[in-house]
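A.B. asks: Dropping in protein-v8.tsv, which is TSV, C-alpha atoms and all ligand atoms:
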```tsv
chain	number	residue	atom	x	y	z
A	1	MET	CA	43.63	39.87	-46.42
A	2	THR	CA	42.26	36.47	-47.36
A	3	LYS	CA	43.59	33.43	-45.49
A	4	ASN	CA	42.83	29.77	-46.02
A	5	ILE	CA	42.57	27.85	-42.79
A	6	ALA	CA	42.42	24.06	-42.59
A	7	VAL	CA	40.05	23.19	-39.75
A	8	ILE	CA	40.32	19.90	-37.87
A	9	ARG	CA	37.40	19.56	-35.49
A	10	GLY	CA	38.45	16.05	-34.40
A	11	ASP	CA	36.83	14.02	-31.65
A	12	GLY	CA	35.14	14.48	-28.25
A	13	ILE	CA	34.78	18.16	-27.39
A	14	GLY	CA	36.81	19.10	-30.52
A	15	PRO	CA	33.83	20.10	-32.71
A	16	GLU	CA	32.22	22.28	-29.98
A	17	ILE	CA	35.34	24.24	-29.09
A	18	VAL	CA	36.37	24.73	-32.71
A	19	ALA	CA	32.89	26.04	-33.55
A	20	GLU	CA	33.37	28.82	-30.98
A	21	ALA	CA	36.84	29.69	-32.28
A	22	LEU	CA	35.47	29.99	-35.83
A	23	LYS	CA	32.73	32.38	-34.65
A	24	VAL	CA	35.47	34.50	-33.12
A	25	LEU	CA	37.57	34.43	-36.30
A	26	ASP	CA	34.54	35.38	-38.42
A	27	LYS	CA	33.88	38.39	-36.22
A	28	VAL	CA	37.55	39.42	-36.37
A	29	GLY	CA	37.30	39.18	-40.16
A	30	GLU	CA	34.25	41.46	-40.14
A	31	LEU	CA	35.85	44.04	-37.85
A	32	PHE	CA	39.24	44.17	-39.52
A	33	GLY	CA	38.28	43.48	-43.14
A	34	HIS	CA	39.75	40.00	-43.58
A	35	THR	CA	38.27	36.90	-45.15
A	36	PHE	CA	38.98	33.59	-43.48
A	37	CYS	CA	38.10	30.59	-45.67
A	38	TYR	CA	37.81	27.24	-43.95
A	39	THR	CA	38.50	23.78	-45.34
A	40	ASP	CA	37.34	20.93	-43.13
A	41	VAL	CA	39.88	18.16	-42.59
A	42	ASP	CA	39.10	14.77	-41.04
A	43	MET	CA	41.69	13.56	-38.58
A	44	GLY	CA	41.69	11.29	-35.51
A	45	GLY	CA	39.00	8.85	-34.47
A	46	CYS	CA	36.43	10.32	-36.84
A	47	ALA	CA	38.83	9.67	-39.75
A	48	ILE	CA	39.39	6.10	-38.55
A	49	ASP	CA	35.62	5.56	-38.62
A	50	LYS	CA	35.30	7.11	-42.08
A	51	TYR	CA	38.44	5.90	-43.88
A	52	GLY	CA	40.11	3.37	-41.57
A	53	ASP	CA	43.05	5.76	-41.25
A	54	PRO	CA	43.58	8.57	-38.68
A	55	LEU	CA	45.01	10.92	-41.34
A	56	PRO	CA	44.68	9.87	-44.96
A	57	GLU	CA	47.19	11.45	-47.33
A	58	SER	CA	44.46	13.54	-49.02
A	59	GLU	CA	43.56	15.11	-45.66
A	60	LEU	CA	47.20	15.86	-44.87
A	61	GLN	CA	47.55	17.53	-48.27
A	62	LYS	CA	44.66	19.88	-47.45
A	63	CYS	CA	46.65	21.03	-44.41
A	64	LEU	CA	49.88	21.42	-46.35
A	65	SER	CA	48.20	23.63	-48.94
A	66	SER	CA	46.54	25.88	-46.34
A	67	ASP	CA	47.90	29.07	-44.77
A	68	SER	CA	47.59	27.47	-41.30
A	69	VAL	CA	45.78	24.73	-39.44
A	70	LEU	CA	43.39	25.06	-36.48
A	71	LEU	CA	42.84	21.87	-34.49
A	72	GLY	CA	40.41	21.00	-31.69
A	73	ALA	CA	41.40	17.64	-30.19
A	74	VAL	CA	41.58	14.00	-31.20
A	75	GLY	CA	41.21	10.63	-29.50
A	76	GLY	CA	38.84	8.81	-27.20
A	77	GLU	CA	38.19	5.51	-25.49
A	78	LYS	CA	36.36	4.16	-28.52
A	79	TRP	CA	39.66	3.83	-30.39
A	80	ASN	CA	41.80	2.63	-27.45
A	81	ASN	CA	42.11	-0.87	-28.79
A	82	VAL	CA	43.14	-0.11	-32.36
A	83	PRO	CA	46.81	-0.93	-33.16
A	84	GLY	CA	49.37	1.76	-32.22
A	85	ASP	CA	50.06	2.90	-35.76
A	86	LYS	CA	46.35	3.42	-36.44
A	87	ARG	CA	45.39	5.27	-33.27
A	88	PRO	CA	43.84	8.76	-33.51
A	89	GLU	CA	47.01	10.25	-31.95
A	90	LYS	CA	49.03	8.80	-34.80
A	91	GLY	CA	47.14	11.16	-37.12
A	92	LEU	CA	48.26	14.11	-35.02
A	93	LEU	CA	51.87	12.95	-35.00
A	94	ARG	CA	51.77	12.42	-38.76
A	95	LEU	CA	50.34	15.91	-39.19
A	96	ARG	CA	53.03	17.53	-37.03
A	97	ALA	CA	55.80	15.65	-38.85
A	98	GLY	CA	54.22	16.23	-42.28
A	99	MET	CA	54.04	19.97	-41.63
A	100	GLY	CA	57.58	19.95	-40.22
A	101	VAL	CA	56.46	21.97	-37.20
A	102	TYR	CA	59.37	21.24	-34.89
A	103	SER	CA	58.80	24.08	-32.46
A	104	ASN	CA	55.84	23.92	-30.10
A	105	ASN	CA	55.27	26.99	-28.00
A	106	ARG	CA	53.13	26.61	-24.86
A	107	PRO	CA	52.62	29.73	-22.77
A	108	ALA	CA	51.87	29.31	-19.06
A	109	LYS	CA	50.51	32.54	-17.75
A	110	ILE	CA	48.19	33.13	-14.87
A	111	TRP	CA	45.27	35.38	-15.69
A	112	LYS	CA	44.89	37.78	-12.77
A	113	GLN	CA	41.16	37.00	-12.63
A	114	LEU	CA	41.96	33.30	-12.11
A	115	SER	CA	44.56	33.53	-9.39
A	116	ASP	CA	42.38	31.49	-7.02
A	117	ALA	CA	41.91	28.75	-9.59
A	118	SER	CA	45.56	27.75	-9.17
A	119	PRO	CA	46.05	24.84	-6.74
A	120	LEU	CA	49.28	26.49	-5.52
A	121	LYS	CA	49.47	28.53	-2.33
A	122	LYS	CA	48.61	32.19	-2.67
A	123	GLU	CA	52.11	33.37	-1.73
A	124	ILE	CA	53.62	31.30	-4.56
A	125	VAL	CA	51.10	32.48	-7.15
A	126	GLU	CA	51.56	36.11	-6.08
A	127	LYS	CA	55.19	36.03	-7.17
A	128	GLY	CA	53.85	35.73	-10.74
A	129	ILE	CA	53.54	32.88	-13.22
A	130	ASP	CA	54.42	33.87	-16.77
A	131	PHE	CA	56.66	31.61	-18.77
A	132	ILE	CA	56.77	29.71	-22.04
A	133	ILE	CA	57.63	26.10	-22.69
A	134	VAL	CA	59.34	25.61	-26.04
A	135	ARG	CA	58.91	21.92	-26.78
A	136	GLU	CA	60.67	20.04	-29.58
A	137	LEU	CA	57.77	18.45	-31.45
A	138	ILE	CA	58.84	16.14	-34.25
A	139	GLY	CA	61.75	14.15	-32.84
A	140	GLY	CA	62.76	12.08	-29.84
A	141	ILE	CA	60.97	9.07	-28.47
A	142	TYR	CA	57.68	9.95	-30.19
A	143	PHE	CA	59.28	9.37	-33.57
A	144	GLY	CA	61.84	6.66	-32.79
A	145	GLU	CA	61.23	3.03	-33.65
A	146	HIS	CA	58.38	1.43	-31.66
A	147	LYS	CA	58.14	-2.33	-31.52
A	148	THR	CA	56.83	-5.17	-29.40
A	149	GLU	CA	58.49	-8.56	-29.70
A	150	GLY	CA	57.33	-11.36	-27.46
A	151	ASP	CA	57.30	-10.03	-23.92
A	152	THR	CA	59.48	-7.00	-24.68
A	153	ALA	CA	58.45	-3.58	-25.96
A	154	THR	CA	60.92	-0.99	-27.24
A	155	ASP	CA	60.71	2.74	-27.99
A	156	VAL	CA	63.81	4.46	-29.28
A	157	LEU	CA	64.82	7.96	-28.15
A	158	SER	CA	67.34	9.68	-30.39
A	159	TYR	CA	68.24	13.25	-31.31
A	160	SER	CA	70.74	14.60	-33.82
A	161	GLU	CA	72.75	17.78	-33.22
A	162	SER	CA	70.89	19.59	-35.98
A	163	GLU	CA	67.49	18.72	-34.48
A	164	ILE	CA	68.63	20.05	-31.12
A	165	GLU	CA	70.20	23.13	-32.60
A	166	ARG	CA	67.12	24.31	-34.50
A	167	ILE	CA	64.87	24.05	-31.43
A	168	GLY	CA	67.62	25.51	-29.24
A	169	ARG	CA	67.71	28.58	-31.48
A	170	ILE	CA	63.95	29.04	-31.05
A	171	GLY	CA	64.47	28.84	-27.28
A	172	PHE	CA	67.17	31.52	-27.35
A	173	GLU	CA	65.23	33.75	-29.77
A	174	THR	CA	62.09	33.46	-27.62
A	175	ALA	CA	64.05	34.36	-24.48
A	176	ARG	CA	65.63	37.30	-26.30
A	177	LYS	CA	62.15	38.77	-26.89
A	178	ARG	CA	61.23	38.29	-23.21
A	179	ASN	CA	63.28	38.47	-20.01
A	180	LYS	CA	66.37	36.84	-21.53
A	181	LYS	CA	66.36	33.81	-19.25
A	182	LEU	CA	66.46	30.37	-20.85
A	183	CYS	CA	66.29	27.15	-18.86
A	184	SER	CA	67.30	24.03	-20.78
A	185	VAL	CA	65.65	20.95	-19.31
A	186	GLU	CA	67.08	17.45	-19.80
A	187	LYS	CA	68.15	14.29	-18.02
A	188	SER	CA	71.88	14.46	-18.69
A	189	ASN	CA	72.71	12.47	-15.56
A	190	VAL	CA	71.24	9.40	-17.30
A	191	LEU	CA	70.62	9.86	-21.03
A	192	ASP	CA	73.11	10.22	-23.88
A	193	SER	CA	70.56	12.19	-25.90
A	194	SER	CA	70.33	14.65	-22.99
A	195	ARG	CA	74.12	15.01	-22.76
A	196	LEU	CA	74.15	15.91	-26.45
A	197	TRP	CA	71.25	18.27	-25.83
A	198	LYS	CA	73.17	20.08	-23.10
A	199	LYS	CA	76.34	20.31	-25.19
A	200	VAL	CA	74.49	21.87	-28.14
A	201	MET	CA	72.67	24.36	-25.88
A	202	HIS	CA	75.97	25.53	-24.41
A	203	ARG	CA	77.51	25.88	-27.84
A	204	LEU	CA	74.57	28.06	-28.90
A	205	ALA	CA	74.90	30.13	-25.71
A	206	GLU	CA	78.21	31.45	-27.05
A	207	GLU	CA	76.22	33.11	-29.85
A	208	TYR	CA	73.43	34.38	-27.60
A	209	THR	CA	75.55	36.10	-24.97
A	210	ASP	CA	72.66	38.42	-24.03
A	211	VAL	CA	70.60	35.43	-22.85
A	212	ASP	CA	71.25	33.83	-19.50
A	213	LEU	CA	71.23	30.03	-20.00
A	214	SER	CA	70.72	27.60	-17.11
A	215	ASP	CA	70.45	23.80	-17.06
A	216	MET	CA	67.93	21.82	-15.07
A	217	LEU	CA	67.26	18.11	-14.77
A	218	VAL	CA	63.71	17.26	-15.72
A	219	ASP	CA	62.79	15.71	-12.36
A	220	ASN	CA	63.99	18.82	-10.55
A	221	CYS	CA	62.07	20.98	-13.05
A	222	ALA	CA	58.86	19.11	-12.24
A	223	MET	CA	59.44	20.04	-8.61
A	224	GLN	CA	60.53	23.64	-9.23
A	225	LEU	CA	57.38	24.28	-11.27
A	226	VAL	CA	55.26	23.87	-8.16
A	227	LYS	CA	57.80	25.23	-5.68
A	228	ASN	CA	58.74	28.45	-7.42
A	229	PRO	CA	57.31	28.89	-10.93
A	230	ALA	CA	58.20	32.60	-10.89
A	231	GLN	CA	61.83	31.66	-11.57
A	232	PHE	CA	61.03	30.61	-15.16
A	233	ASP	CA	60.97	32.78	-18.26
A	234	VAL	CA	61.53	30.35	-21.15
A	235	ILE	CA	62.00	26.59	-20.82
A	236	VAL	CA	63.36	24.67	-23.80
A	237	THR	CA	63.10	20.90	-23.78
A	238	GLU	CA	62.73	17.74	-25.82
A	239	ASN	CA	59.45	16.25	-27.00
A	240	MET	CA	58.33	13.97	-24.16
A	241	PHE	CA	59.64	16.11	-21.30
A	242	GLY	CA	57.80	19.05	-22.88
A	243	ASP	CA	54.61	17.04	-23.12
A	244	ILE	CA	54.68	16.19	-19.43
A	245	LEU	CA	55.90	19.53	-18.08
A	246	SER	CA	53.37	21.50	-20.12
A	247	ASP	CA	50.45	19.64	-18.54
A	248	GLU	CA	51.91	20.41	-15.14
A	249	ALA	CA	52.49	24.04	-16.09
A	250	SER	CA	48.92	24.43	-17.30
A	251	MET	CA	47.50	23.16	-14.02
A	252	ILE	CA	49.43	25.65	-11.91
A	253	THR	CA	47.89	28.44	-13.98
A	254	GLY	CA	44.40	27.25	-13.09
A	255	SER	CA	43.13	25.06	-15.90
A	256	ILE	CA	44.42	23.16	-18.87
A	257	GLY	CA	41.33	24.45	-20.70
A	258	MET	CA	42.83	27.94	-20.94
A	259	ILE	CA	46.14	27.14	-22.65
A	260	PRO	CA	46.72	27.59	-26.39
A	261	SER	CA	49.73	26.49	-28.40
A	262	SER	CA	51.46	27.23	-31.66
A	263	SER	CA	53.65	24.87	-33.63
A	264	LEU	CA	55.90	26.25	-36.31
A	265	GLY	CA	58.65	25.05	-38.59
A	266	ALA	CA	60.48	26.59	-41.49
A	267	THR	CA	57.48	28.40	-43.02
A	268	SER	CA	54.72	30.63	-41.70
A	269	CYS	CA	52.16	27.81	-42.05
A	270	GLY	CA	51.60	26.76	-38.45
A	271	LEU	CA	49.50	24.33	-36.46
A	272	TYR	CA	47.44	25.84	-33.66
A	273	GLU	CA	45.76	23.75	-30.98
A	274	PRO	CA	44.76	23.91	-27.33
A	275	ILE	CA	47.03	21.71	-25.22
A	276	HIS	CA	44.18	19.71	-23.68
A	277	GLY	CA	42.72	16.49	-25.03
A	278	SER	CA	39.32	15.51	-26.42
A	279	ALA	CA	37.62	14.98	-23.01
A	280	PRO	CA	35.01	12.48	-24.32
A	281	ASP	CA	33.33	12.38	-20.88
A	282	ILE	CA	32.07	15.94	-21.29
A	283	ALA	CA	31.60	15.96	-25.07
A	284	GLY	CA	28.29	17.20	-26.45
A	285	LYS	CA	27.21	18.66	-23.09
A	286	ASN	CA	28.07	22.29	-23.83
A	287	ILE	CA	30.31	22.50	-20.76
A	288	ALA	CA	33.79	22.46	-22.32
A	289	ASN	CA	36.01	25.54	-22.13
A	290	PRO	CA	36.63	26.89	-25.65
A	291	ILE	CA	39.17	29.51	-24.50
A	292	GLY	CA	42.28	27.37	-25.20
A	293	THR	CA	41.12	27.02	-28.81
A	294	ILE	CA	40.05	30.66	-29.13
A	295	LEU	CA	43.47	31.77	-27.85
A	296	SER	CA	45.10	29.31	-30.29
A	297	ALA	CA	43.27	31.12	-33.09
A	298	ALA	CA	44.67	34.39	-31.69
A	299	MET	CA	48.17	32.91	-31.82
A	300	MET	CA	47.56	31.94	-35.46
A	301	LEU	CA	46.70	35.53	-36.29
A	302	ARG	CA	49.77	36.84	-34.45
A	303	TYR	CA	52.44	34.36	-35.53
A	304	SER	CA	51.35	33.09	-38.95
A	305	PHE	CA	49.37	36.02	-40.37
A	306	ASP	CA	51.17	38.92	-38.73
A	307	MET	CA	47.87	40.27	-37.37
A	308	GLY	CA	48.98	41.47	-33.94
A	309	GLU	CA	46.12	43.93	-33.37
A	310	GLU	CA	43.56	41.30	-34.25
A	311	ALA	CA	45.17	38.88	-31.80
A	312	ASP	CA	45.16	41.57	-29.08
A	313	ALA	CA	41.45	42.10	-29.69
A	314	ILE	CA	40.75	38.41	-29.04
A	315	GLU	CA	42.88	38.33	-25.89
A	316	ASN	CA	41.16	41.48	-24.59
A	317	ALA	CA	37.74	39.93	-25.20
A	318	VAL	CA	38.80	36.81	-23.25
A	319	SER	CA	39.89	39.08	-20.43
A	320	ALA	CA	36.51	40.86	-20.57
A	321	PHE	CA	34.79	37.47	-20.22
A	322	LEU	CA	36.76	36.76	-17.03
A	323	ASP	CA	36.26	40.34	-15.75
A	324	ALA	CA	32.50	39.88	-16.13
A	325	GLY	CA	32.68	37.08	-13.55
A	326	LEU	CA	31.74	34.46	-16.11
A	327	ARG	CA	33.38	31.03	-15.93
A	328	THR	CA	33.15	27.69	-17.68
A	329	ALA	CA	32.82	24.60	-15.45
A	330	ASP	CA	36.58	23.91	-15.25
A	331	ILE	CA	37.36	27.33	-13.73
A	332	ILE	CA	34.24	27.97	-11.68
A	333	SER	CA	34.72	29.37	-8.19
A	334	GLU	CA	32.52	30.90	-5.52
A	335	GLY	CA	30.62	34.02	-6.53
A	336	MET	CA	31.19	33.47	-10.26
A	337	THR	CA	28.53	32.64	-12.84
A	338	GLN	CA	28.87	29.39	-14.74
A	339	VAL	CA	28.20	29.46	-18.46
A	340	GLY	CA	28.42	26.88	-21.23
A	341	CYS	CA	30.83	26.52	-24.10
A	342	SER	CA	28.66	28.36	-26.65
A	343	GLU	CA	27.75	31.18	-24.22
A	344	CYS	CA	31.46	31.67	-23.55
A	345	GLY	CA	32.21	31.90	-27.29
A	346	GLU	CA	29.28	34.24	-27.89
A	347	PHE	CA	30.31	36.58	-25.09
A	348	ILE	CA	33.82	36.79	-26.53
A	349	VAL	CA	32.44	37.49	-30.01
A	350	LYS	CA	30.21	40.29	-28.66
A	351	ASN	CA	33.10	41.85	-26.80
A	352	LEU	CA	35.55	41.94	-29.71
A	353	LYS	CA	36.49	45.52	-30.46
A	354	ARG	CA	38.68	47.24	-32.94
A	355	GLU	CA	40.49	49.90	-30.89
B	401	LIG	C1	49.79	17.04	-26.54
B	401	LIG	C2	49.11	15.68	-26.50
B	401	LIG	C3	49.67	14.81	-27.61
B	401	LIG	C4	51.17	14.66	-27.36
B	401	LIG	C5	48.99	13.45	-27.75
B	401	LIG	C6	47.51	13.58	-27.97
B	401	LIG	C7	49.62	12.62	-28.86
B	401	LIG	O1	49.27	15.10	-25.25
B	401	LIG	O2	49.66	17.73	-27.58
B	401	LIG	O3	50.42	17.40	-25.56
B	401	LIG	O4	51.57	13.78	-26.59
B	401	LIG	O5	51.93	15.41	-27.98
B	402	MG	MG	50.22	16.37	-23.81
```
Once more with this new file: its structure as structure tokens, please.
C.D. replies:
Amino acid sequence: MTKNIAVIRGDGIGPEIVAEALKVLDKVGELFGHTFCYTDVDMGGCAIDKYGDPLPESELQKCLSSDSVLLGAVGGEKWNNVPGDKRPEKGLLRLRAGMGVYSNNRPAKIWKQLSDASPLKKEIVEKGIDFIIVRELIGGIYFGEHKTEGDTATDVLSYSESEIERIGRIGFETARKRNKKLCSVEKSNVLDSSRLWKKVMHRLAEEYTDVDLSDMLVDNCAMQLVKNPAQFDVIVTENMFGDILSDEASMITGSIGMIPSSSLGATSCGLYEPIHGSAPDIAGKNIANPIGTILSAAMMLRYSFDMGEEADAIENAVSAFLDAGLRTADIISEGMTQVGCSECGEFIVKNLKRE
């Protein structure tokens, strides 16, 4: 198969981690007889520097005409003082909205080799951490009106029933393929949008009678994630709650550097990105962890290109890296050997096998 991938290297550590993911994709292509063609797309701070715009229309169009998009990370201190609608992050939001990728899937799974990297107590980790956060990605407060007038700033949070329903369905479908437990997270004791959220989830539950739906307030969820993460199978939540909870979830699994994500909408063209940021403080030092991006590429193969075996091969090679006692700086622990970003990518490439 031939697939066209739009590649956004972005800012900070973005270019280094994406370079490793592309090496992995090239090797998968060689082993399994696929051709991956890459089109570079400028987005984020680098696009501001080049065009004065974090995502010019021509760059967005390259993504829309691709089979899927692989993204490193965008943003950095350098662009902190540009106006809100011109920030690097605005490019990312425009890309997500332009692609219509409303469903963001963030797995939180503890790799057995990294159980001591979790800051949680051993007895909590031992119960198992393996859940998915399904985050609504193109609605809510991120996309409501933002304005500052005099000494008052306003951000509007609104959701329509249809926006809630389509992400709710993804939550139920995801749970159906797993342990059939769906936890809907909201703040219905305070917010109207959350009361609507809860109502729509319960209406959907009548269709998905095989899935066990529970409700949880977002503040309680933040606590439960550290108290007893084993209780979760699939969490479905709105945009900003999902943003916050997924950072928390990544930390309890050891490192944010390990977590990939997929974002999908109505078509198979998806956006794949690690959930971490551009980490400008460690950029260019060959110490970043490329695994979140490499696993994002694996998700692209699995969910957009229907290449399950190829995705398994990547995940097995990541496991081999950890089994070999090799670690990037973010997951180093006693007795392990620290390697750099490119050594990590190269090891994974060498250990890719077609079973
Ligand atoms: C994420 C990031 C983004 C978000 C930022 C960079 C706009 O934190 O993907 O979680 O808030 O969605
Ligand atoms: Mg975030």
A.B. asks: Within 7 Å of ligand MG 402 (chain B), which residues of chain A come that close, and what is the closest atom pair and distance in Å for each? Count only C-alpha atoms and all ligand atoms and give it as JSON lines.
C.D. replies:
```
{"residue": "A:Asp243", "atom": "CA", "partner": "B:MG402", "partner_atom": "MG", "distance": 4.5}
{"residue": "A:Ile244", "atom": "CA", "partner": "B:MG402", "partner_atom": "MG", "distance": 6.3}
{"residue": "A:Asp247", "atom": "CA", "partner": "B:MG402", "partner_atom": "MG", "distance": 6.2}
{"residue": "A:Ile275", "atom": "CA", "partner": "B:MG402", "partner_atom": "MG", "distance": 6.4}
{"residue": "A:His276", "atom": "CA", "partner": "B:MG402", "partner_atom": "MG", "distance": 6.9}
```
A.B. asks: Give the residue list for ligand LIG 401 (chain B) at 8 Å, counting only C-alpha atoms and all ligand atoms, as a ChimeraX atom specification, sorted by chain and then by residue number.
C.D. replies: /A:73-75,89-90,92-93,137,239-240,243-244,246-247,273-277
A.B. asks: What does the structure give for the distance between CA of Phe172 (chain A) and CA of Ile291 (chain A), in Å to one decimal?
C.D. replies: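 About the pair CA of Phe172 (chain A) and CA of Ile291 (chain A): they are 28.2 Å apart.
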A.B. asks: List the neighbours of Asp281 (chain A) out to 10 Å using all atoms listed in the file; skip same-chain residues closer than 4 positions along the sequence, and give me the result as a PyMOL selection string.
C.D. replies: chain A and resi 12-13+76-77+285
A.B. asks: Got a sec: who's within 10 Å of Val69 (chain A), counting only C-alpha atoms, leaving out chain neighbours fewer than 6 positions off, as number ranges by chain?
C.D. replies: A: 4-8, 38-41, 62-63, 95, 99, 262-263, 269-273, 297, 300
A.B. asks: Return the single residue from A:Ile256, A:Leu71, A:Ile124, A:Leu114 that is closest to Gly325 (chain A), with distances computed using only C-alpha atoms.
C.D. replies: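 Of the candidates, the smallest distance to Gly325 (chain A) is held by A:Leu114.
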A.B. asks: I'd like to know which of A:Glu248, A:Glu161, A:Glu173, A:Glu355 is closest to Met223 (chain A), using only C-alpha atoms.
C.D. replies: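 Of the candidates, the smallest distance to Met223 (chain A) is held by A:Glu248.
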A.B. asks: Between CA of Arg106 (chain A) and CA of Ala298 (chain A), measure the distance and give it in Å to one decimal.
C.D. replies: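 Taking CA of Arg106 (chain A) as the start and CA of Ala298 (chain A) as the end point, the length is 13.4 Å.
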A.B. asks: Counting all atoms listed in the file, what is within 6 Å of region 53-59 of chain A, bar same-chain residues fewer than 3 positions away, as a list in words?
C.D. replies: Val41, Met43, Gly44, Ala47, Ile48, Lys62, Pro88 and Gly91 of chain A
A.B. asks: With only C-alpha atoms as the basis for distance, which of A:Gly52, A:Pro280, A:Pro229, A:Pro83 is at the shortest distance from Lys109 (chain A)?
C.D. replies: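 When distances to Lys109 (chain A) are compared using only C-alpha atoms, the smallest one comes from A:Pro229.
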A.B. asks: For the atom pair CA of Ile170 (chain A) and CA of Ile294 (chain A), what is the interatomic distance in Å to one decimal place?
C.D. replies: 24.0 Å
